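**Student:** A single structure is presented below for examination.
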Amino acid sequence: MTTILALIEAGKTQKEIAEQLGIPVGRLRYQLTNYRKSHAPRTQSSAPPEVDDYALLDERYELDRLVAMPRDAESLYVYWELTPELIRMVESHFGCSWSVLPKRLRVYDVSFVHFKGDNFNRYWDFDVTQEANNWFVNGVAPACSYVIDYGTVALDGRFITLLRSNSVQTPPREEQREGESRWVRMEVSQAAEPQAAWQPLFNGYSLSPAQADLE
């Protein structure tokens with residue numbers, strides 16, 4: 001375990017560590033999970049984690065993914081990961097460095113909707129910082145369902161979806177005491193995934209001229 005921790009400290013990914021040690025990635029993750037559980041500080045408090053602890057929810061698995069969680073009745077927490085392969089694909093498509101492309105989240109209100117990618121009640125966009133891999137989404141409504149896209153913006157203003165989250169539902173407001181901000185049990189259903197269709201040729205959802213602009 002000492003060797004694994006030293007390699008993590010050196011900035012190695014789980015995939016690189018597993019290859020170097022000659023063990024399956026799944027076995028490495030299992031060892032890390034058990035280690036973290038055994039060394040987690042014991043506390044009697046049931047309070048939600050502080051902001052600095054939210055990063056613990058985001059373990060990198062070398063997958064393209066965007067995960068949404070209800071934080072309370074009026075806010076969500078989302079985190080994401082893009083593999084180097086996807087980033088290189090985006091850079092090749094736009095002909096520029098990943099670092100110069102704007103990064104944006106699009107929030108779809110899909111309450112009482114079987115979301116298929118182009119049917120929703122409303123949506124809104126906001127920019128996130130270049131280095132961010134997690135964000136709080138405020139201004140959502142209690143007892144409503146949301147799907148979130150992470151993407152960039154083309155020169156003509158089109159939003160280009162790169163990742164799509166699960167569908168997540170906020171709890172009713174009455175389940176939360178006034179002034180209280182707390183984590184709630186995550187209710188997840190699978191959202192429509194754009195990656196499977198467009199990833200091989202990078203010409204599917206949001207990149208096809210026929211479907212590029214939902215606005």
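Chain lettering (A, B, ...) mirrors the order of the structure tokens, residue numbering begins at 1 for each chain separately, and ligand numbering begins at 1 in order of display.
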When you look at stretch 102-117 of chain A with a cut-off of 10 Å (counting only C-alpha atoms), what residues show up, excluding the ones that are within fewer than 6 positions of it in the same chain? I need them as JSON, numbers by chain.
**Tutor:** {"A": [78, 123, 124, 125, 126, 127, 128, 129, 130, 131, 132, 135, 137, 140, 141, 143, 144, 145, 146, 147, 148, 149, 150, 151, 152, 153, 154, 159, 160, 161, 163, 164, 165, 167, 168, 169, 190, 191, 192, 193, 194, 205, 206, 211, 214]}
**Student:** Could you give me the residues within stretch 46-182 of chain A that DSSP places in strand (DSSP E), as number ranges by chain?
**Tutor:** A: 65-72, 75-81, 103-109, 122-128, 134-138, 145-153, 159-164, 167-169
**Student:** Go ahead and save the picked residues with C-alpha atoms, as a short mmCIF file (atom, residue, chain, number, x, y, z; two decimals), in the first residue's frame.
**Tutor:**
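selection_22.cif, freshly written:
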```
data_model
loop_
_atom_site.label_atom_id
_atom_site.label_comp_id
_atom_site.auth_asym_id
_atom_site.auth_seq_id
_atom_site.Cartn_x
_atom_site.Cartn_y
_atom_site.Cartn_z
CA ARG A 65 -18.66 10.96 -17.19
CA LEU A 66 -20.75 13.69 -15.59
CA VAL A 67 -22.49 12.93 -12.30
CA ALA A 68 -25.27 15.03 -10.76
CA MET A 69 -26.38 14.82 -7.12
CA PRO A 70 -29.09 16.69 -5.18
CA ARG A 71 -27.52 18.82 -2.46
CA ASP A 72 -30.79 20.22 -1.12
CA SER A 75 -29.23 23.20 -5.45
CA LEU A 76 -27.31 20.37 -7.11
CA TYR A 77 -23.69 19.28 -7.04
CA VAL A 78 -22.12 18.03 -10.27
CA TYR A 79 -18.68 16.65 -11.05
CA TRP A 80 -17.16 15.40 -14.27
CA GLU A 81 -14.19 13.72 -15.87
CA LYS A 103 -16.45 25.48 -20.88
CA ARG A 104 -20.16 25.58 -20.12
CA LEU A 105 -22.89 23.72 -18.25
CA ARG A 106 -26.43 23.47 -19.65
CA VAL A 107 -29.18 22.58 -17.18
CA TYR A 108 -32.36 21.00 -18.55
CA ASP A 109 -35.58 20.96 -16.54
CA ARG A 122 -36.71 24.78 -20.24
CA TYR A 123 -32.95 25.09 -19.98
CA TRP A 124 -30.32 27.61 -19.01
CA ASP A 125 -26.56 27.89 -19.54
CA PHE A 126 -23.69 29.24 -17.52
CA ASP A 127 -19.93 29.22 -17.95
CA VAL A 128 -17.53 27.38 -15.65
CA ASN A 134 -17.08 20.12 -10.20
CA TRP A 135 -19.67 22.83 -9.60
CA PHE A 136 -22.70 23.81 -7.54
CA VAL A 137 -25.85 24.44 -9.56
CA ASN A 138 -28.13 26.85 -7.71
CA SER A 145 -35.97 16.65 -12.27
CA TYR A 146 -32.87 17.83 -14.10
CA VAL A 147 -30.29 16.62 -16.60
CA ILE A 148 -27.04 18.53 -17.06
CA ASP A 149 -24.73 18.74 -20.07
CA TYR A 150 -21.08 19.76 -19.98
CA GLY A 151 -19.74 21.17 -23.22
CA THR A 152 -18.20 23.98 -25.20
CA VAL A 153 -19.36 26.61 -27.68
CA PHE A 159 -23.56 24.68 -27.63
CA ILE A 160 -21.67 21.42 -28.19
CA THR A 161 -22.46 18.65 -25.71
CA LEU A 162 -19.47 16.60 -24.56
CA LEU A 163 -20.89 14.90 -21.45
CA ARG A 164 -24.40 14.28 -20.15
CA SER A 167 -31.36 12.47 -14.38
CA VAL A 168 -31.55 13.77 -10.82
CA GLN A 169 -34.53 14.86 -8.71
#
```
